[in-house]
Every structure is written in structure tokens, then in C-alpha cells.
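Engineer: First the structure, which I've put down as C-alpha cells, then a few questions once you've had a look.
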Amino acid sequence: MLQTRTVDQWLDQLNACRSGLNGVNTFSVSGRLRRSVGMTLEAEGIHVPIGVRCRILNPGLDIEAEVVGFEDDRTFLIPLADSQGIRPGARVVPVLTEARTAVGDRLLGRVIDGLGRPLDGRGELRADEWVTPSESADNPLERAPVDKPLDVGVRSINTFTTIGQGQRIGLFAGSGVGKSVLLGMITRFTAADVVVVGLIGERGREVQEFIHNILGPAAQERSVIVASPADTSPVHRIHAAERATTIARHFRDQGKNVLLLMDSLTRYAQAHREIALAVGEPPATKGYTASVFARLSELVERAGNGPGAGSLTAVYTVLVDGDDHNDPVADSARSFLDGHIVLNRALAEAGVYPALDVERSISRVMPAVTSEQHRRLTARFLRLYATYEQNKDLITVGAYSAGSDPLVDEAIARRPEMLDFLRQEMEASVSFADSLASLSALFPEADA
């Protein structure tokens with residue numbers, strides 16, 4: 001029978017039996033690998049909490065893994081690196097280390113991985129401070145209100161889905177509709193003191209392309225990039241998203257206006273799904289387990305404004321495979337985000353970039369951060385845009401007779417200039433004031 005212990009007794013025992021292993025404090029109590037199933041390693045003889053790191057020792061092999069679950073006397077681990085070469089019976093040694101995240105201005109311009117290691121070849125990572133990540137969200141009654149607009153430099157977003165400082169908004173897009181380019185524009189043009197970018201589960205080529213081609217050196221100097229490509233462990237990808245959030249929260253608590261971009265929330269959910277299925281949690285919706293959706297909301301709730309003067313605005317991309325916006329992750333994300341920006345494939349194919357679907361996009365904080373004049377102008381635009389879309393088939397085949405409906409006639413006449421309003425070159429920044437002025441010039445009668 002296993003002897004039960006309180007947490008304090010457990011910690012006292014582990015601290016008492018600490019021993020050195022290659023300069024890292026480890027427990028003298030160790031276990032053995034029992035078996036390997038898929039990506040999951042099953043060990044016996046160790047009794048440590050979920051989240052503790054372990055080292056798996058073979059002759060000539062030393063791999064780090066993280067505890068992700070347990071059942072009776074069995075402990076489940078996920079390796080943080082390639083597990084090739086691990087043998088049955090390998091020694092498993094828990095590592096006594098405290099999870100800490102580097103934060104501060106010295107991180108600006110740096111590229112790190114999900115475990116906090118530098119990827120940019122610029123030497124050892126130096127930080128002003130090291131903090132222990134907090135998994136809890138801020139007290140909702142202590143959060144500063146979202147009452148100021150954030151200028152993102154993109155005309156269509158500034159006007160139709162105005163983002164507030166401290167808002168959490170989703171960018172919903174399929175493949176090939178300009179998601180990465182739009183993210184780069186927001187990163188370069190947004191009026192924020194610090195930008196934190198989390199590249200989660202993307203292809204390795206796209207990570208380098210985003211940093212060097214889309215982001216650019218000027219924007220990188222005020223940014224911190226946390227990258228965990230698709231070929232990394234799911235635990236690695238999860239830590240990358242949480243590390244990016246911790247870094248952004250620290251800058252916010254220093255009184256700075258922070259923009260957090262995470263690409264993508266879907267890959268974060270998929271990493272959690274991989275782990276949950278590996279340890280035996282039953283799937284609930286289209287292969288996703290129930291715990292995935294709980295972890296999604298926990299991550300998002302850690303962003304946003306806090307009790308201080310700083311702000312943390314977050315933009316999360318959500319992948320919609322096959323343009324299916326009823327995907328479980330997309331459907332769940334809409335429920336706890338403060339709005340969603342939808343990119344339209346038909347607009348992208350027509351050469352309209354950014355391909356913002358103004359009918360399906362919404363910012364839930366827009367009424368609190370915009371003027372009555374602004375809302376009146378956007379309502380005028382949306383009414384004409386929706387009228388054209390509703391009669392598009394009749395117009396396209398020539399079945400609509402001019403003069404039948406004055407509103408449809410106006411929508412047809414103004415269609416080219418409305419599409420031109422949505423277009424914007426990726427190198428051009430349009431301020432919030434200029435965006436509103438352009439919309440006012442488009443509909444002077446609504447501005448009267």
C-alpha cells in the first residue's frame with residue numbers, strides 16, 4: 001500500500017533526498033520506464049505531481065520529459081525532444097527545477113522557443129527579471145475597462161471591427177487568404193509599446209518567413225517572438241503559448257500598452273488534444289476532449305487589461321479548415337473572445353486584400369470605443385454591402401432590372417469604390433483618423 005503524504009511532507013522529503021546530476025538538482029528517488037505507447041511514456045516507481053520535469057537516462061542518451069498524468073502506480077510522460085533510442089527499463093529521474101520565464105526589456109528583439117531557449121543565434125538569453133508563470137486570470141472586478149480604441153493601421157479593421165485596448169479578438173481564416181500578411185501588418189502598424197508574437201505549431205519555413213519577410217527588422221526591435229514549430233513536442237507548443245502570455249502580462253503590469261499576437265489558437269488546442277488522448281481522456285466533439293476547451297478559455301482569460309495602467313490586447317488566429325466556421329475550436333473561441341475578424345476566400349480570390357468579411361466580422365467592444373458618427377458611417381456602408389451580397393446572383397446573371405430598387409441600384413453603383421476602400425497595400429499604414437476620414441468622404445450624406 002502506498003503511504004499518503006501531505007504536500008509539505010512530500011516537498012520536505014524531496015528536498016532532503018536531493019542529489020546532483022550534471023549540475024541539475026534531482027531526486028534520489030527514481031523510477032523505470034515500463035512501456036511506450038505512441039508519444040506517451042509510462043513509468044513506474046515515481047510519485048510526482050503533473051508538470052514536473054524528468055530526465056530519462058539511457059547509456060549515451062539523456063532526454064527530458066514532462067509528467068502529464070498518472071493512474072495508480074503508473075506515471076505518464078511526454079518527451080520534450082525526439083524519443084528515438086529510449087529503451088525499456090530506462091531510469092526516470094524527476095528534476096527539481098522551478099519553472100521560470102525571462103521577462104523585461106532585454107527580451108526585445110529576441111526569438112526564443114517554448115522552453116525559453118534562444119533561437120536567433122544572438123547568444124545567451126539575458127533578462128531583467130525571472131518570474132514564475134501564473135496560470136490564474138486577473139480578478140474580473142479589478143480589470144481596467146476597455147474604453148479606448150487601438151489603432152492597428154489597417155483601414156478595414158479600424159473602421160468596421162474597431163479593436164479596443166485590452167480586447168481579446170480572434171482572426172478566423174482558412175489557408176491562403178492572407179492571414180500571415182495581415183498579422184504582419186498589424187504587428188508593424190499597431191500603436192503599441194511592445195509586441196509579443198507566439199508562433200505555435202507553424203511550419204518551420206513560415207517561422208523564418210514571418211520574422212524576416214513579413215515582420216521586418218524595425219518591428220522586431222520592439223517585439224518578443226516565441227516560436228514552437230509543428231515538429232516540436234505538444235508539451236513544447238503548449239509552453240510556448242503560455243510563455244508568450246506570461247511575457248506579455250509582465251510588460252502590461254509595467255504600465256505598457258502591449259499587443260499579443262498568437263498564431264494559432266487552433267494549434268494550441270490540437271497540442272492539448274494530443275496529450276489528452278495519449279493519456280486516455282475520451283474524445284467529446286470531433287476528436288477534441290472536454291479539457292481542451294477549458295484550457296482554451298483559461299489561456300485567453302489571462303490576457304486583457306489588469307488592475308494597473310497598462311493594457312494587453314490579444315489577437316488569436318483560429319484556423320478554419322475547409323472554411324468550416326462550425327469547427328469545434330472556432331465555435332468555442334467565438335463564445336469567449338471579445339469579437340472575431342473573418343477573412344473571406346471569395347474576396348481574396350478577387351484580389352481584395354486584406355480580405356475582411358465585413359458582414360461576418362464583429363467587435364463586441366466597438367460601441368464603447370467609437371463615436372456615434374463612426375457607427376453611423378459603418379452602418380451605412382454595411383447596409384449597401386449586404387444589399388449587394390443578397391442580390392449578387394441576380395446581378396451577376398443579368399436578371400436584375402435597373403430601377404427596380406433604389407437601394408440595390410446604389411449598391412451596384414458604389415460597389416467598386418467600396419471594394420477599393422477595403423483594399424490596402426501591405427506596406428501602407430492607415431491611421432485610425434485617416435480611416436474614419438476616408439469612410440466619411442465615401443458617405444458624406446451619412447456624416448451630415
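To be explicit about the labels: the chains of the C-alpha cells are called A, B, and onward in the order shown, and within each one the residues are counted from 1, while ligands get numbers from 1 in the order they are shown.
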Write out as a list in words each polymer residue whose atoms come within 9 Å of Glu274 (chain A), counting only C-alpha atoms; drop sequence neighbours fewer than 3 positions from it.

Structural biologist: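 Non-adjacent residues within range: Met39, Pro234, Ala269, Gln270, Ala271, Leu277, Ala278, Val279 and Tyr288 of chain A.
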
Engineer: Can you spit out the residues from that selection as a CSV table (one decimal), in the first residue's frame, using N, CA, C and O atoms?

Structural biologist:
chain,number,residue,atom,x,y,z
A,39,MET,N,3.2,8.6,-28.4
A,39,MET,CA,4.1,9.6,-27.9
A,39,MET,C,4.2,9.5,-26.4
A,39,MET,O,5.0,10.3,-25.8
A,234,PRO,N,4.1,18.3,-28.3
A,234,PRO,CA,2.9,19.1,-27.9
A,234,PRO,C,3.1,19.8,-26.6
A,234,PRO,O,2.6,20.9,-26.5
A,269,ALA,N,-4.8,24.2,-29.2
A,269,ALA,CA,-5.9,23.3,-28.8
A,269,ALA,C,-5.5,21.9,-29.3
A,269,ALA,O,-5.7,20.9,-28.6
A,270,GLN,N,-4.9,21.8,-30.5
A,270,GLN,CA,-4.5,20.5,-31.0
A,270,GLN,C,-3.4,19.8,-30.2
A,270,GLN,O,-3.4,18.6,-30.0
A,271,ALA,N,-2.5,20.7,-29.6
A,271,ALA,CA,-1.5,20.1,-28.8
A,271,ALA,C,-2.1,19.5,-27.5
A,271,ALA,O,-1.7,18.5,-27.0
A,277,LEU,N,-5.6,12.8,-25.4
A,277,LEU,CA,-5.9,11.5,-26.0
A,277,LEU,C,-4.8,10.4,-25.6
A,277,LEU,O,-5.1,9.3,-25.4
A,278,ALA,N,-3.6,10.9,-25.6
A,278,ALA,CA,-2.5,10.0,-25.2
A,278,ALA,C,-2.6,9.4,-23.8
A,278,ALA,O,-2.2,8.3,-23.6
A,279,VAL,N,-3.1,10.2,-22.9
A,279,VAL,CA,-3.3,9.7,-21.5
A,279,VAL,C,-4.6,9.0,-21.3
A,279,VAL,O,-4.9,8.7,-20.1
A,288,TYR,N,-11.9,16.2,-30.2
A,288,TYR,CA,-11.4,17.0,-29.1
A,288,TYR,C,-12.0,16.6,-27.7
A,288,TYR,O,-13.2,16.3,-27.6

Engineer: Would you mind listing what lies within 7 Å of Arg55 (chain A) as a list in words, with only C-alpha atoms counted and same-chain residues fewer than 3 positions away left out?

Structural biologist: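 Residues meeting the cut-off are Asp62, Ile63, Glu64, Ala65, Val92, Val93, Pro94 and Val95 of chain A.
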
Engineer: Identify which of the residues A:Val300, A:Val146, A:Val258, A:Val318 lies closest to Val365 (chain A), counting only C-alpha atoms when measuring atom-to-atom distances.

Structural biologist: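 Using only C-alpha atoms, Val365 (chain A) sits closest to A:Val146.
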
Engineer: Write out as JSON, numbers by chain the residues lying within 12 Å of Arg302 (chain A), counting only C-alpha atoms and excluding same-chain residues fewer than 5 positions away.

Structural biologist: {"A": [133, 134, 135, 136, 137, 138, 139, 140, 143, 166, 167, 168, 241, 242, 243, 244, 245, 246, 247, 248, 249, 250, 252, 260, 295, 296, 297, 312, 313, 314, 337]}

Engineer: Would you compute the distance between CA of Arg267 (chain A) and CA of Gly153 (chain A)? Give it in Å to one decimal.

Structural biologist: 26.9 Å

Engineer: Would you please give, as a VMD selection string, all residues of region 217-312 of chain A that DSSP assigns to helix (DSSP H, G or I) based on the backbone?

Structural biologist: chain A and resid 217 to 220 234 to 253 265 to 278 290 to 301

Engineer: Excluding region 397-413 of chain A and residues on its chain fewer than 3 positions from it, collect all residues at most 7 Å away from it, counting only C-alpha atoms, and give them as a short mmCIF file (atom, residue, chain, number, x, y, z; two decimals) with N, CA, C and O atoms, in the first residue's frame.

Structural biologist:
data_model
loop_
_atom_site.label_atom_id
_atom_site.label_comp_id
_atom_site.auth_asym_id
_atom_site.auth_seq_id
_atom_site.Cartn_x
_atom_site.Cartn_y
_atom_site.Cartn_z
N LEU A 384 -25.33 48.90 -47.56
CA LEU A 384 -25.15 48.79 -49.01
C LEU A 384 -24.40 47.51 -49.38
O LEU A 384 -24.73 46.83 -50.35
N TYR A 385 -23.39 47.16 -48.56
CA TYR A 385 -22.60 45.95 -48.84
C TYR A 385 -23.49 44.72 -48.74
O TYR A 385 -23.44 43.83 -49.60
N THR A 387 -26.76 44.59 -49.05
CA THR A 387 -27.77 44.62 -50.11
C THR A 387 -27.21 44.02 -51.40
O THR A 387 -27.88 43.24 -52.09
N TYR A 388 -25.97 44.38 -51.75
CA TYR A 388 -25.37 43.82 -52.95
C TYR A 388 -25.20 42.31 -52.82
O TYR A 388 -25.50 41.55 -53.75
N ASP A 393 -26.51 37.13 -56.98
CA ASP A 393 -26.80 36.15 -58.04
C ASP A 393 -27.63 36.77 -59.14
O ASP A 393 -27.36 36.54 -60.33
N LEU A 394 -28.66 37.55 -58.78
CA LEU A 394 -29.49 38.21 -59.79
C LEU A 394 -28.67 39.20 -60.60
O LEU A 394 -28.83 39.30 -61.84
#

Engineer: Sorted by chain and rising residue number, which residues of region 116-162 of chain A lie within 12 Å of region 221-231 of chain A, and what are their closest atom pairs and distances in Å to one decimal, counting only C-alpha atoms, as JSON lines?

Structural biologist:
{"residue": "A:Gly116", "atom": "CA", "partner": "A:Val226", "partner_atom": "CA", "distance": 8.0}
{"residue": "A:Arg117", "atom": "CA", "partner": "A:Val226", "partner_atom": "CA", "distance": 9.5}
{"residue": "A:Pro118", "atom": "CA", "partner": "A:Val226", "partner_atom": "CA", "distance": 9.3}
{"residue": "A:Leu119", "atom": "CA", "partner": "A:Ala227", "partner_atom": "CA", "distance": 8.5}
{"residue": "A:Asp120", "atom": "CA", "partner": "A:Ile225", "partner_atom": "CA", "distance": 10.0}

Engineer: Output all heavy atoms for every residue in that selection, as a compact mmCIF listing (two decimals), in the first residue's frame.

Structural biologist:
# COMPACT_ATOMS: atom_id res chain seq x y z
N GLY A 116 12.06 28.68 -23.54
CA GLY A 116 12.80 29.87 -23.18
C GLY A 116 14.23 29.91 -23.67
O GLY A 116 15.02 30.76 -23.24
N ARG A 117 14.59 29.02 -24.61
CA ARG A 117 15.95 28.99 -25.12
C ARG A 117 16.05 29.86 -26.37
O ARG A 117 15.13 29.87 -27.19
CB ARG A 117 16.36 27.55 -25.44
CG ARG A 117 16.29 26.62 -24.24
CD ARG A 117 16.49 25.18 -24.62
NE ARG A 117 15.48 24.71 -25.57
CZ ARG A 117 15.26 23.43 -25.86
NH1 ARG A 117 15.98 22.49 -25.26
NH2 ARG A 117 14.34 23.09 -26.73
N PRO A 118 17.17 30.59 -26.56
CA PRO A 118 17.29 31.47 -27.74
C PRO A 118 17.38 30.68 -29.03
O PRO A 118 18.03 29.64 -29.10
CB PRO A 118 18.59 32.24 -27.45
CG PRO A 118 19.35 31.39 -26.49
CD PRO A 118 18.33 30.67 -25.66
N LEU A 119 16.71 31.21 -30.07
CA LEU A 119 16.75 30.61 -31.39
C LEU A 119 17.44 31.49 -32.42
O LEU A 119 17.65 31.07 -33.55
CB LEU A 119 15.31 30.33 -31.88
CG LEU A 119 14.51 29.26 -31.14
CD1 LEU A 119 13.07 29.24 -31.68
CD2 LEU A 119 15.14 27.90 -31.30
N ASP A 120 17.76 32.72 -32.04
CA ASP A 120 18.23 33.71 -33.00
C ASP A 120 19.75 33.76 -33.16
O ASP A 120 20.26 34.59 -33.92
CB ASP A 120 17.71 35.10 -32.63
CG ASP A 120 17.96 35.45 -31.17
OD1 ASP A 120 18.78 34.76 -30.53
OD2 ASP A 120 17.33 36.40 -30.66

Engineer: Identify, with DSSP run on backbone atoms, the residues in region 102-176 of chain A assigned to strand (DSSP E), and express the list as number ranges by chain.

Structural biologist: A: 102-103, 111-112, 129-131, 168-173

Engineer: Filtering to N, CA and C atoms, could you give me those residues as a CSV table (one decimal), in the first residue's frame?

Structural biologist:
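As a result, result22.csv now contains:
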chain,number,residue,atom,x,y,z
A,102,ALA,N,11.9,34.3,-18.4
A,102,ALA,CA,12.6,35.5,-18.5
A,102,ALA,C,11.7,36.6,-19.0
A,103,VAL,N,11.7,37.8,-18.4
A,103,VAL,CA,10.9,38.9,-18.8
A,103,VAL,C,11.7,40.2,-18.8
A,111,VAL,N,14.3,36.1,-30.3
A,111,VAL,CA,13.5,35.0,-30.7
A,111,VAL,C,13.8,33.8,-29.8
A,112,ILE,N,12.8,33.3,-29.1
A,112,ILE,CA,13.1,32.2,-28.2
A,112,ILE,C,12.1,31.0,-28.5
A,129,GLU,N,14.5,40.2,-15.3
A,129,GLU,CA,13.9,39.6,-14.2
A,129,GLU,C,13.4,38.2,-14.7
A,130,TRP,N,13.3,37.3,-13.7
A,130,TRP,CA,12.8,35.9,-14.0
A,130,TRP,C,11.5,35.7,-13.1
A,131,VAL,N,10.4,35.3,-13.7
A,131,VAL,CA,9.2,35.2,-12.9
A,131,VAL,C,8.7,33.8,-13.0
A,168,ARG,N,-9.7,41.0,-26.4
A,168,ARG,CA,-9.2,39.7,-27.0
A,168,ARG,C,-10.1,39.4,-28.2
A,169,ILE,N,-9.5,39.3,-29.3
A,169,ILE,CA,-10.2,39.1,-30.6
A,169,ILE,C,-9.6,38.0,-31.4
A,170,GLY,N,-10.5,37.3,-32.2
A,170,GLY,CA,-10.0,36.2,-33.0
A,170,GLY,C,-9.9,36.6,-34.4
A,171,LEU,N,-8.9,36.0,-35.1
A,171,LEU,CA,-8.8,36.2,-36.6
A,171,LEU,C,-9.0,34.9,-37.2
A,172,PHE,N,-10.2,34.7,-37.8
A,172,PHE,CA,-10.7,33.4,-38.3
A,172,PHE,C,-10.4,33.4,-39.8
A,173,ALA,N,-9.6,32.3,-40.2
A,173,ALA,CA,-9.2,32.3,-41.6
A,173,ALA,C,-8.8,30.9,-42.0

Engineer: Please provide as a PyMOL selection string all residues within 12 Å of region 176-179 of chain A, with the sequence filter that same-chain residues fewer than 2 positions apart are discarded (counting only C-alpha atoms).

Structural biologist: chain A and resi 170-174+181-186+210+214+261-264+315-323+341-357+425-426

Engineer: What lies within 12 Å of Ser429 (chain A) using only C-alpha atoms, ignoring chain neighbours under 6 positions off, as a PyMOL selection string?

Structural biologist: chain A and resi 151-158+182+184-191+423+435

Engineer: How would the residues just chosen look if you wrote them out with N, CA, C and O atoms as a PDB file, in the first residue's frame?

Structural biologist:
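Output contents, as saved in part.pdb:
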ATOM      1  N   ASP A 151      -5.315  51.757 -32.492  1.00  0.00           N
ATOM      2  CA  ASP A 151      -5.030  51.974 -33.906  1.00  0.00           C
ATOM      3  C   ASP A 151      -4.108  50.875 -34.405  1.00  0.00           C
ATOM      4  O   ASP A 151      -2.941  50.798 -34.006  1.00  0.00           O
ATOM      5  N   VAL A 152      -4.633  49.998 -35.277  1.00  0.00           N
ATOM      6  CA  VAL A 152      -3.835  48.884 -35.795  1.00  0.00           C
ATOM      7  C   VAL A 152      -3.268  49.173 -37.185  1.00  0.00           C
ATOM      8  O   VAL A 152      -2.589  48.329 -37.763  1.00  0.00           O
ATOM      9  N   GLY A 153      -3.567  50.357 -37.743  1.00  0.00           N
ATOM     10  CA  GLY A 153      -3.003  50.736 -39.026  1.00  0.00           C
ATOM     11  C   GLY A 153      -3.629  50.057 -40.227  1.00  0.00           C
ATOM     12  O   GLY A 153      -3.142  50.207 -41.347  1.00  0.00           O
ATOM     13  N   VAL A 154      -4.705  49.303 -40.016  1.00  0.00           N
ATOM     14  CA  VAL A 154      -5.414  48.621 -41.117  1.00  0.00           C
ATOM     15  C   VAL A 154      -6.793  49.249 -41.224  1.00  0.00           C
ATOM     16  O   VAL A 154      -7.587  49.181 -40.289  1.00  0.00           O
ATOM     17  N   ARG A 155      -7.079  49.882 -42.366  1.00  0.00           N
ATOM     18  CA  ARG A 155      -8.284  50.689 -42.533  1.00  0.00           C
ATOM     19  C   ARG A 155      -9.558  49.909 -42.276  1.00  0.00           C
ATOM     20  O   ARG A 155     -10.460  50.368 -41.558  1.00  0.00           O
ATOM     21  N   SER A 156      -9.683  48.721 -42.838  1.00  0.00           N
ATOM     22  CA  SER A 156     -10.921  47.962 -42.701  1.00  0.00           C
ATOM     23  C   SER A 156     -11.170  47.538 -41.256  1.00  0.00           C
ATOM     24  O   SER A 156     -12.315  47.524 -40.788  1.00  0.00           O
ATOM     25  N   ILE A 157     -10.094  47.209 -40.515  1.00  0.00           N
ATOM     26  CA  ILE A 157     -10.259  46.828 -39.110  1.00  0.00           C
ATOM     27  C   ILE A 157     -10.560  48.052 -38.259  1.00  0.00           C
ATOM     28  O   ILE A 157     -11.437  48.030 -37.391  1.00  0.00           O
ATOM     29  N   ASN A 158      -9.851  49.150 -38.497  1.00  0.00           N
ATOM     30  CA  ASN A 158     -10.091  50.378 -37.735  1.00  0.00           C
ATOM     31  C   ASN A 158     -11.540  50.858 -37.856  1.00  0.00           C
ATOM     32  O   ASN A 158     -12.096  51.391 -36.903  1.00  0.00           O
ATOM     33  N   LEU A 182      -1.677  39.784 -42.989  1.00  0.00           N
ATOM     34  CA  LEU A 182      -2.457  40.693 -42.150  1.00  0.00           C
ATOM     35  C   LEU A 182      -1.862  40.774 -40.746  1.00  0.00           C
ATOM     36  O   LEU A 182      -1.790  41.856 -40.151  1.00  0.00           O
ATOM     37  N   GLY A 184       1.244  40.405 -39.987  1.00  0.00           N
ATOM     38  CA  GLY A 184       2.447  41.223 -40.107  1.00  0.00           C
ATOM     39  C   GLY A 184       2.123  42.705 -40.163  1.00  0.00           C
ATOM     40  O   GLY A 184       2.824  43.528 -39.556  1.00  0.00           O
ATOM     41  N   MET A 185       1.065  43.066 -40.881  1.00  0.00           N
ATOM     42  CA  MET A 185       0.646  44.467 -40.947  1.00  0.00           C
ATOM     43  C   MET A 185       0.249  44.979 -39.564  1.00  0.00           C
ATOM     44  O   MET A 185       0.638  46.085 -39.162  1.00  0.00           O
ATOM     45  N   ILE A 186      -0.530  44.176 -38.845  1.00  0.00           N
ATOM     46  CA  ILE A 186      -0.954  44.589 -37.504  1.00  0.00           C
ATOM     47  C   ILE A 186       0.257  44.756 -36.588  1.00  0.00           C
ATOM     48  O   ILE A 186       0.345  45.706 -35.807  1.00  0.00           O
ATOM     49  N   THR A 187       1.224  43.836 -36.707  1.00  0.00           N
ATOM     50  CA  THR A 187       2.420  43.903 -35.867  1.00  0.00           C
ATOM     51  C   THR A 187       3.209  45.174 -36.141  1.00  0.00           C
ATOM     52  O   THR A 187       3.668  45.857 -35.215  1.00  0.00           O
ATOM     53  N   ARG A 188       3.391  45.509 -37.415  1.00  0.00           N
ATOM     54  CA  ARG A 188       4.211  46.671 -37.767  1.00  0.00           C
ATOM     55  C   ARG A 188       3.510  47.991 -37.495  1.00  0.00           C
ATOM     56  O   ARG A 188       4.151  48.972 -37.113  1.00  0.00           O
ATOM     57  N   PHE A 189       2.191  48.035 -37.703  1.00  0.00           N
ATOM     58  CA  PHE A 189       1.486  49.317 -37.700  1.00  0.00           C
ATOM     59  C   PHE A 189       0.796  49.662 -36.381  1.00  0.00           C
ATOM     60  O   PHE A 189       0.419  50.809 -36.171  1.00  0.00           O
ATOM     61  N   THR A 190       0.605  48.699 -35.504  1.00  0.00           N
ATOM     62  CA  THR A 190      -0.166  48.959 -34.288  1.00  0.00           C
ATOM     63  C   THR A 190       0.567  49.925 -33.356  1.00  0.00           C
ATOM     64  O   THR A 190       1.768  49.803 -33.132  1.00  0.00           O
ATOM     65  N   ALA A 191      -0.200  50.850 -32.801  1.00  0.00           N
ATOM     66  CA  ALA A 191       0.352  51.828 -31.861  1.00  0.00           C
ATOM     67  C   ALA A 191       0.469  51.181 -30.483  1.00  0.00           C
ATOM     68  O   ALA A 191      -0.306  51.460 -29.573  1.00  0.00           O
ATOM     69  N   ARG A 423      -9.462  47.537 -49.834  1.00  0.00           N
ATOM     70  CA  ARG A 423      -8.106  47.186 -50.250  1.00  0.00           C
ATOM     71  C   ARG A 423      -7.078  48.065 -49.548  1.00  0.00           C
ATOM     72  O   ARG A 423      -7.291  49.249 -49.299  1.00  0.00           O
ATOM     73  N   SER A 435      -8.584  56.554 -41.471  1.00  0.00           N
ATOM     74  CA  SER A 435      -9.584  55.539 -41.824  1.00  0.00           C
ATOM     75  C   SER A 435     -10.988  56.111 -41.719  1.00  0.00           C
ATOM     76  O   SER A 435     -11.819  55.940 -42.616  1.00  0.00           O
TER      77      SER A 435
END

Engineer: Could you tell me which of A:Leu442, A:Leu265, A:Val329, A:Ile56 comes closest to Leu199 (chain A) if we count only C-alpha atoms?

Structural biologist: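 With only C-alpha atoms as the atom set, the closest residue is A:Leu265.
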
Engineer: Could you tell me which of A:Gly45, A:Gly287, A:Pro79, A:Gly85 comes closest to Leu61 (chain A) if we count only C-alpha atoms?

Structural biologist: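 Among the listed residues, A:Gly85 lies closest to Leu61 (chain A).
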
Engineer: Can you work out the spacing between CA of Thr370 (chain A) and CA of Gly164 (chain A) in Å, to one decimal?

Structural biologist: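 About the pair CA of Thr370 (chain A) and CA of Gly164 (chain A): they are 9.2 Å apart.
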